[in-house]
>>> print(open('upload14.cif').read())   # mmCIF, C-alpha atoms
data_structure
#
loop_
_atom_site.label_atom_id
_atom_site.label_comp_id
_atom_site.auth_asym_id
_atom_site.auth_seq_id
_atom_site.Cartn_x
_atom_site.Cartn_y
_atom_site.Cartn_z
CA MET A 1 -14.26 3.45 59.65
CA GLY A 2 -15.63 6.78 60.94
CA VAL A 3 -12.16 8.36 60.90
CA TYR A 4 -11.75 7.53 57.21
CA VAL A 5 -15.14 9.02 56.40
CA LYS A 6 -14.26 12.20 58.29
CA LEU A 7 -10.90 12.39 56.49
CA GLY A 8 -12.69 11.86 53.17
CA CYS A 9 -15.08 14.71 53.97
CA VAL A 10 -12.22 17.03 54.93
CA LEU A 11 -10.35 16.08 51.74
CA GLY A 12 -13.52 16.71 49.72
CA LEU A 13 -13.88 20.11 51.39
CA VAL A 14 -10.27 21.04 50.60
CA ILE A 15 -10.69 20.00 46.96
CA SER A 16 -13.98 21.89 46.66
CA VAL A 17 -12.55 25.06 48.21
CA TYR A 18 -9.55 24.82 45.87
CA ALA A 19 -11.93 24.44 42.90
CA LEU A 20 -13.81 27.53 44.07
CA TRP A 21 -10.47 29.38 44.32
CA ILE A 22 -9.62 28.36 40.75
CA GLU A 23 -13.01 29.54 39.47
CA HIS A 24 -12.58 32.88 41.22
CA GLN A 25 -9.04 33.34 39.90
CA VAL A 26 -10.08 32.47 36.33
CA MET A 27 -12.86 35.07 36.48
CA THR A 28 -10.68 37.83 37.96
CA ARG A 29 -7.26 37.21 36.38
CA SER A 30 -7.01 36.70 32.63
CA ASN A 31 -3.62 34.95 32.68
CA TYR A 32 -4.26 32.71 35.70
CA LEU A 33 -2.69 29.26 35.49
CA ALA A 34 -3.78 26.76 38.14
CA LEU A 35 -1.45 24.11 39.53
CA CYS A 36 -3.66 21.49 37.91
CA ASP A 37 -3.38 23.05 34.44
CA LEU A 38 -0.96 20.55 32.92
CA HIS A 39 -1.70 20.63 29.21
CA GLN A 40 -4.14 21.93 26.63
CA TYR A 41 -6.34 18.88 27.26
CA ALA A 42 -5.63 18.63 31.00
CA SER A 43 -6.84 21.96 32.30
CA CYS A 44 -8.81 22.40 35.51
CA SER A 45 -9.19 26.10 34.73
CA ARG A 46 -10.88 25.39 31.40
CA VAL A 47 -13.25 22.84 32.93
CA LEU A 48 -14.04 24.93 36.01
CA SER A 49 -14.89 27.93 33.83
CA SER A 50 -17.10 25.98 31.41
CA LYS A 51 -20.89 26.24 31.37
CA TYR A 52 -21.02 22.85 33.12
CA SER A 53 -19.21 24.21 36.20
CA LYS A 54 -22.32 26.07 37.38
CA GLY A 55 -25.53 24.29 38.24
CA PHE A 56 -24.06 21.14 36.67
CA GLY A 57 -24.87 22.67 33.28
CA ILE A 58 -28.53 21.82 33.96
CA ILE A 59 -29.92 24.46 36.31
CA GLY A 60 -29.07 27.49 34.15
CA PRO A 61 -30.97 26.28 31.06
CA LEU A 62 -33.93 25.19 33.22
CA PHE A 63 -34.27 28.11 35.64
CA GLY A 64 -32.10 30.81 34.10
CA ASP A 65 -28.47 31.76 34.55
CA ASN A 66 -29.40 34.23 37.30
CA SER A 67 -31.33 31.66 39.34
CA LEU A 68 -30.29 31.36 42.98
CA LEU A 69 -29.88 27.62 42.35
CA ASN A 70 -27.36 28.17 39.54
CA GLN A 71 -24.28 28.15 41.77
CA PRO A 72 -20.78 26.82 41.09
CA ASN A 73 -20.67 23.03 41.41
CA CYS A 74 -17.92 23.33 44.00
CA LEU A 75 -20.32 25.23 46.30
CA TYR A 76 -22.65 22.24 46.07
CA GLY A 77 -19.60 20.11 46.91
CA ILE A 78 -18.77 22.23 49.96
CA PHE A 79 -22.38 21.93 51.15
CA PHE A 80 -22.35 18.16 50.46
CA PHE A 81 -19.12 17.47 52.36
CA LEU A 82 -20.09 19.70 55.32
CA THR A 83 -23.50 18.01 55.56
CA TYR A 84 -21.97 14.55 55.23
CA LEU A 85 -19.37 15.36 57.90
CA THR A 86 -22.13 16.59 60.23
CA LEU A 87 -24.22 13.48 59.64
CA ASP A 88 -21.20 11.27 60.28
CA SER A 89 -20.71 13.02 63.63
CA VAL A 90 -24.19 12.29 65.00
CA ALA A 91 -25.66 9.04 66.30
CA GLN A 92 -26.00 6.52 63.49
CA ARG A 93 -29.74 6.09 63.65
CA LEU A 94 -31.48 4.52 60.69
CA ILE A 95 -32.54 7.88 59.25
CA VAL A 96 -28.92 9.10 59.27
CA VAL A 97 -27.75 5.89 57.58
CA GLN A 98 -30.49 6.31 54.96
CA LEU A 99 -29.59 9.98 54.37
CA LYS A 100 -25.90 9.16 53.90
CA PHE A 101 -26.83 6.33 51.53
CA THR A 102 -29.08 8.65 49.49
CA MET A 103 -26.49 11.42 49.43
CA SER A 104 -23.78 8.97 48.35
CA ALA A 105 -25.96 7.48 45.63
CA ALA A 106 -26.75 10.99 44.32
CA SER A 107 -23.05 11.96 44.42
CA LEU A 108 -22.17 8.87 42.38
CA VAL A 109 -24.83 9.66 39.78
CA MET A 110 -23.61 13.25 39.51
CA SER A 111 -19.97 12.10 39.36
CA LEU A 112 -20.83 9.77 36.47
CA TYR A 113 -22.70 12.56 34.70
CA LEU A 114 -19.86 15.05 35.16
CA ALA A 115 -17.22 12.46 34.19
CA TYR A 116 -19.16 11.89 30.95
CA ILE A 117 -19.25 15.67 30.32
CA LEU A 118 -15.53 15.87 31.09
CA ALA A 119 -14.52 13.02 28.78
CA PHE A 120 -16.96 13.29 25.88
CA VAL A 121 -18.23 16.88 25.77
CA LEU A 122 -15.34 18.99 27.03
CA ILE A 123 -12.75 16.38 26.00
CA ASP A 124 -10.53 17.41 28.88
CA LEU A 125 -8.84 16.02 31.98
CA CYS A 126 -9.47 17.81 35.26
CA LEU A 127 -7.43 16.50 38.20
CA VAL A 128 -9.57 18.39 40.71
CA CYS A 129 -12.69 16.82 39.22
CA LEU A 130 -11.19 13.32 39.24
CA ALA A 131 -10.12 13.76 42.86
CA THR A 132 -13.68 14.74 43.78
CA TYR A 133 -15.06 11.68 42.03
CA ALA A 134 -12.58 9.48 43.93
CA VAL A 135 -13.62 11.00 47.27
CA ASN A 136 -17.29 10.45 46.38
CA ILE A 137 -16.58 6.79 45.65
CA GLY A 138 -14.58 6.49 48.87
CA LEU A 139 -17.49 7.88 50.89
CA ALA A 140 -20.07 5.76 49.07
CA VAL A 141 -18.48 2.41 49.95
CA PRO A 142 -18.99 2.63 53.74
CA ALA A 143 -22.35 4.38 53.26
CA PHE A 144 -23.60 1.49 51.15
CA GLU A 145 -22.15 -1.09 53.56
CA ASN A 146 -23.80 0.62 56.55
CA TYR A 147 -27.10 0.94 54.73
CA PHE A 148 -27.32 -2.70 53.68
CA SER A 149 -26.17 -3.84 57.12
CA ALA A 150 -28.85 -1.68 58.78
CA MET A 151 -31.52 -2.97 56.39
CA ASP A 152 -30.47 -6.57 57.09
CA LYS A 153 -30.58 -5.93 60.84
CA GLN A 154 -34.01 -4.32 60.55
CA ARG A 155 -35.28 -7.24 58.46
CA LYS A 156 -34.03 -9.73 61.08
CA ASN A 157 -35.65 -7.74 63.91
CA PHE A 158 -38.91 -7.64 61.98
CA ALA A 159 -38.76 -11.42 61.38
CA LYS A 160 -38.27 -12.05 65.13
CA LYS A 161 -41.44 -10.10 65.93
CA GLU A 162 -43.58 -12.20 63.63
#
>>> encode(input="upload14.cif", output="structure tokens")
Amino acid sequence: MGVYVKLGCVLGLVISVYALWIEHQVMTRSNYLALCDLHQYASCSRVLSSKYSKGFGIIGPLFGDNSLLNQPNCLYGIFFFLTYLTLDSVAQRLIVVQLKFTMSAASLVMSLYLAYILAFVLIDLCLVCLATYAVNIGLAVPAFENYFSAMDKQRKNFAKKE
């Protein structure tokens, strides 16, 4: 299972770096057309240059557009996948299992939030975004399995001591 998690992290990194490339190209080249720009309502470029592509559309209004926290979402993705990959490479102690569970749960919540923004606010289809959501789901499944298995094991060990 660890190989699949590592592959998922690498795939997530590639997608996030590509999203960052798109954002940079859109800002520097007025006529840029990304490979994932398929139609008027299926445009990664439009989504990745929207106000929701930085700080999840939340940080700017709360802390200001110039806040250090108001970074492109794909930078958060790069940090997430690098951290997750690092955690997956160390001994699977309970704290690591709990961190991966918490990170996966947070990524699912943010994926749902951003999918809602994509579908109902921007009314667009972003293949890069959908691919990121799929990777997040793929990483969450083993994280949740490992977490509940570890909690069950801990509960059984605690019951033996009583």
>>> resolve_selection(input="upload14.cif", expression="the PyMOL selection byres ((chain A and resi 127-143) around 7)", output="JSON, numbers by chain")
{"A": [5, 8, 12, 15, 19, 36, 44, 100, 101, 104, 107, 108, 111, 125, 126, 144, 145, 146, 147]}
>>> write_last_selection(input="upload14.cif", atoms="C-alpha atoms", output="mmCIF file, in the frame of the given file")
data_model
loop_
_atom_site.group_PDB
_atom_site.id
_atom_site.type_symbol
_atom_site.label_atom_id
_atom_site.label_comp_id
_atom_site.auth_asym_id
_atom_site.auth_seq_id
_atom_site.Cartn_x
_atom_site.Cartn_y
_atom_site.Cartn_z
ATOM 1 C CA VAL A 5 -15.140 9.020 56.400
ATOM 2 C CA GLY A 8 -12.690 11.860 53.170
ATOM 3 C CA GLY A 12 -13.520 16.710 49.720
ATOM 4 C CA ILE A 15 -10.690 20.000 46.960
ATOM 5 C CA ALA A 19 -11.930 24.440 42.900
ATOM 6 C CA CYS A 36 -3.660 21.490 37.910
ATOM 7 C CA CYS A 44 -8.810 22.400 35.510
ATOM 8 C CA LYS A 100 -25.900 9.160 53.900
ATOM 9 C CA PHE A 101 -26.830 6.330 51.530
ATOM 10 C CA SER A 104 -23.780 8.970 48.350
ATOM 11 C CA SER A 107 -23.050 11.960 44.420
ATOM 12 C CA LEU A 108 -22.170 8.870 42.380
ATOM 13 C CA SER A 111 -19.970 12.100 39.360
ATOM 14 C CA LEU A 125 -8.840 16.020 31.980
ATOM 15 C CA CYS A 126 -9.470 17.810 35.260
ATOM 16 C CA PHE A 144 -23.600 1.490 51.150
ATOM 17 C CA GLU A 145 -22.150 -1.090 53.560
ATOM 18 C CA ASN A 146 -23.800 0.620 56.550
ATOM 19 C CA TYR A 147 -27.100 0.940 54.730
#
>>> closest_residue(input="upload14.cif", among="A:Phe158, A:Leu7, A:Ala150, A:Ser30", to="Gln92 (chain A)", atoms="all atoms listed in the file")
A:Ala150
>>> resolve_selection(input="upload14.cif", expression="the PyMOL selection byres ((chain A and resi 73) around 6)", output="MDAnalysis selection string")
chainID A and resid 53:55 72 74:76
>>> atom_distance(input="upload14.cif", atom1="CA of Ile123 (chain A)", atom2="CA of Gly57 (chain A)")
15.5 Å
>>> resolve_selection(input="upload14.cif", expression="the PyMOL selection byres ((chain A and resi 86) around 12)", output="list in words")
Gly2, Val5, Lys6, Cys9, Val10, Phe79, Phe80, Phe81, Leu82, Thr83, Tyr84, Leu85, Leu87, Asp88, Ser89, Val90, Ala91, Gln92, Val96, Leu99 and Lys100 of chain A
>>> closest_residue(input="upload14.cif", among="A:Val47, A:Leu33, A:Leu94, A:Met27", to="Asp152 (chain A)", atoms="all atoms listed in the file")
A:Leu94
>>> decode(input="upload14.cif", residues="region 8-24 of chain A", atoms="all heavy atoms", output="mmCIF file, in the first residue's frame")
data_model
loop_
_atom_site.group_PDB
_atom_site.id
_atom_site.type_symbol
_atom_site.label_atom_id
_atom_site.label_comp_id
_atom_site.auth_asym_id
_atom_site.auth_seq_id
_atom_site.Cartn_x
_atom_site.Cartn_y
_atom_site.Cartn_z
ATOM 1 N N GLY A 8 0.741 8.347 -5.350
ATOM 2 C CA GLY A 8 -0.307 9.365 -5.237
ATOM 3 C C GLY A 8 0.274 10.722 -4.872
ATOM 4 O O GLY A 8 -0.117 11.750 -5.440
ATOM 5 N N CYS A 9 1.237 10.728 -3.950
ATOM 6 C CA CYS A 9 1.882 11.984 -3.561
ATOM 7 C C CYS A 9 2.659 12.586 -4.722
ATOM 8 O O CYS A 9 2.600 13.799 -4.955
ATOM 9 C CB CYS A 9 2.813 11.755 -2.377
ATOM 10 S SG CYS A 9 1.962 11.415 -0.833
ATOM 11 N N VAL A 10 3.389 11.748 -5.455
ATOM 12 C CA VAL A 10 4.150 12.243 -6.605
ATOM 13 C C VAL A 10 3.189 12.785 -7.663
ATOM 14 O O VAL A 10 3.420 13.860 -8.236
ATOM 15 C CB VAL A 10 5.069 11.137 -7.176
ATOM 16 C CG1 VAL A 10 5.653 11.553 -8.515
ATOM 17 C CG2 VAL A 10 6.161 10.801 -6.182
ATOM 18 N N LEU A 11 2.106 12.069 -7.916
ATOM 19 C CA LEU A 11 1.101 12.544 -8.875
ATOM 20 C C LEU A 11 0.508 13.870 -8.411
ATOM 21 O O LEU A 11 0.355 14.810 -9.197
ATOM 22 C CB LEU A 11 -0.001 11.500 -9.073
ATOM 23 C CG LEU A 11 -1.100 11.837 -10.069
ATOM 24 C CD1 LEU A 11 -0.529 12.077 -11.458
ATOM 25 C CD2 LEU A 11 -2.129 10.710 -10.101
ATOM 26 N N GLY A 12 0.181 13.971 -7.125
ATOM 27 C CA GLY A 12 -0.334 15.223 -6.576
ATOM 28 C C GLY A 12 0.657 16.360 -6.727
ATOM 29 O O GLY A 12 0.281 17.498 -7.039
ATOM 30 N N LEU A 13 1.944 16.064 -6.525
ATOM 31 C CA LEU A 13 2.985 17.081 -6.718
ATOM 32 C C LEU A 13 3.048 17.541 -8.170
ATOM 33 O O LEU A 13 3.121 18.745 -8.442
ATOM 34 C CB LEU A 13 4.351 16.525 -6.311
ATOM 35 C CG LEU A 13 4.675 16.570 -4.836
ATOM 36 C CD1 LEU A 13 5.918 15.740 -4.525
ATOM 37 C CD2 LEU A 13 4.875 18.002 -4.381
ATOM 38 N N VAL A 14 3.011 16.595 -9.099
ATOM 39 C CA VAL A 14 3.062 16.946 -10.525
ATOM 40 C C VAL A 14 1.868 17.820 -10.899
ATOM 41 O O VAL A 14 2.018 18.842 -11.573
ATOM 42 C CB VAL A 14 3.119 15.662 -11.397
ATOM 43 C CG1 VAL A 14 2.883 15.974 -12.862
ATOM 44 C CG2 VAL A 14 4.451 14.952 -11.203
ATOM 45 N N ILE A 15 0.684 17.437 -10.446
ATOM 46 C CA ILE A 15 -0.528 18.215 -10.748
ATOM 47 C C ILE A 15 -0.422 19.618 -10.148
ATOM 48 O O ILE A 15 -0.747 20.612 -10.807
ATOM 49 C CB ILE A 15 -1.784 17.484 -10.231
ATOM 50 C CG1 ILE A 15 -1.994 16.180 -10.994
ATOM 51 C CG2 ILE A 15 -3.015 18.380 -10.336
ATOM 52 C CD1 ILE A 15 -2.999 15.242 -10.341
ATOM 53 N N SER A 16 0.050 19.696 -8.907
ATOM 54 C CA SER A 16 0.167 20.997 -8.238
ATOM 55 C C SER A 16 1.197 21.896 -8.914
ATOM 56 O O SER A 16 0.976 23.108 -9.059
ATOM 57 C CB SER A 16 0.520 20.804 -6.759
ATOM 58 O OG SER A 16 -0.513 20.123 -6.086
ATOM 59 N N VAL A 17 2.313 21.319 -9.325
ATOM 60 C CA VAL A 17 3.340 22.109 -10.033
ATOM 61 C C VAL A 17 2.786 22.576 -11.381
ATOM 62 O O VAL A 17 3.007 23.728 -11.783
ATOM 63 C CB VAL A 17 4.642 21.295 -10.189
ATOM 64 C CG1 VAL A 17 5.596 21.972 -11.160
ATOM 65 C CG2 VAL A 17 5.308 21.102 -8.831
ATOM 66 N N TYR A 18 2.058 21.708 -12.069
ATOM 67 C CA TYR A 18 1.444 22.107 -13.335
ATOM 68 C C TYR A 18 0.441 23.247 -13.116
ATOM 69 O O TYR A 18 0.398 24.210 -13.887
ATOM 70 C CB TYR A 18 0.773 20.919 -14.026
ATOM 71 C CG TYR A 18 0.116 21.279 -15.341
ATOM 72 C CD1 TYR A 18 0.863 21.807 -16.389
ATOM 73 C CD2 TYR A 18 -1.253 21.107 -15.526
ATOM 74 C CE1 TYR A 18 0.268 22.150 -17.605
ATOM 75 C CE2 TYR A 18 -1.858 21.451 -16.734
ATOM 76 C CZ TYR A 18 -1.095 21.967 -17.762
ATOM 77 O OH TYR A 18 -1.690 22.318 -18.953
ATOM 78 N N ALA A 19 -0.350 23.155 -12.052
ATOM 79 C CA ALA A 19 -1.305 24.227 -11.737
ATOM 80 C C ALA A 19 -0.570 25.539 -11.472
ATOM 81 O O ALA A 19 -1.003 26.607 -11.927
ATOM 82 C CB ALA A 19 -2.162 23.830 -10.533
ATOM 83 N N LEU A 20 0.553 25.459 -10.769
ATOM 84 C CA LEU A 20 1.348 26.662 -10.512
ATOM 85 C C LEU A 20 1.892 27.231 -11.825
ATOM 86 O O LEU A 20 1.888 28.446 -12.034
ATOM 87 C CB LEU A 20 2.505 26.332 -9.558
ATOM 88 C CG LEU A 20 3.326 27.510 -9.053
ATOM 89 C CD1 LEU A 20 2.465 28.509 -8.287
ATOM 90 C CD2 LEU A 20 4.473 27.005 -8.184
ATOM 91 N N TRP A 21 2.318 26.358 -12.728
ATOM 92 C CA TRP A 21 2.790 26.774 -14.051
ATOM 93 C C TRP A 21 1.676 27.507 -14.805
ATOM 94 O O TRP A 21 1.911 28.560 -15.395
ATOM 95 C CB TRP A 21 3.265 25.551 -14.834
ATOM 96 C CG TRP A 21 3.543 25.826 -16.277
ATOM 97 C CD1 TRP A 21 2.747 25.527 -17.338
ATOM 98 C CD2 TRP A 21 4.680 26.478 -16.826
ATOM 99 N NE1 TRP A 21 3.314 25.952 -18.514
ATOM 100 C CE2 TRP A 21 4.516 26.544 -18.226
ATOM 101 C CE3 TRP A 21 5.835 27.024 -16.268
ATOM 102 C CZ2 TRP A 21 5.454 27.120 -19.069
ATOM 103 C CZ3 TRP A 21 6.771 27.600 -17.118
ATOM 104 C CH2 TRP A 21 6.566 27.644 -18.504
ATOM 105 N N ILE A 22 0.478 26.939 -14.774
ATOM 106 C CA ILE A 22 -0.663 27.576 -15.449
ATOM 107 C C ILE A 22 -0.908 28.968 -14.869
ATOM 108 O O ILE A 22 -1.071 29.939 -15.607
ATOM 109 C CB ILE A 22 -1.933 26.717 -15.345
ATOM 110 C CG1 ILE A 22 -1.780 25.425 -16.147
ATOM 111 C CG2 ILE A 22 -3.159 27.483 -15.836
ATOM 112 C CD1 ILE A 22 -2.897 24.415 -15.910
ATOM 113 N N GLU A 23 -0.947 29.054 -13.539
ATOM 114 C CA GLU A 23 -1.185 30.357 -12.902
ATOM 115 C C GLU A 23 -0.126 31.372 -13.329
ATOM 116 O O GLU A 23 -0.451 32.529 -13.628
ATOM 117 C CB GLU A 23 -1.193 30.211 -11.380
ATOM 118 C CG GLU A 23 -2.443 29.547 -10.855
ATOM 119 C CD GLU A 23 -2.530 29.580 -9.345
ATOM 120 O OE1 GLU A 23 -2.103 30.590 -8.740
ATOM 121 O OE2 GLU A 23 -3.029 28.599 -8.779
ATOM 122 N N HIS A 24 1.123 30.956 -13.346
ATOM 123 C CA HIS A 24 2.202 31.857 -13.745
ATOM 124 C C HIS A 24 2.030 32.289 -15.198
ATOM 125 O O HIS A 24 2.188 33.478 -15.520
ATOM 126 C CB HIS A 24 3.561 31.181 -13.540
ATOM 127 C CG HIS A 24 4.699 32.001 -14.040
ATOM 128 N ND1 HIS A 24 5.135 33.140 -13.394
ATOM 129 C CD2 HIS A 24 5.483 31.871 -15.138
ATOM 130 C CE1 HIS A 24 6.128 33.668 -14.069
ATOM 131 N NE2 HIS A 24 6.372 32.915 -15.136
#
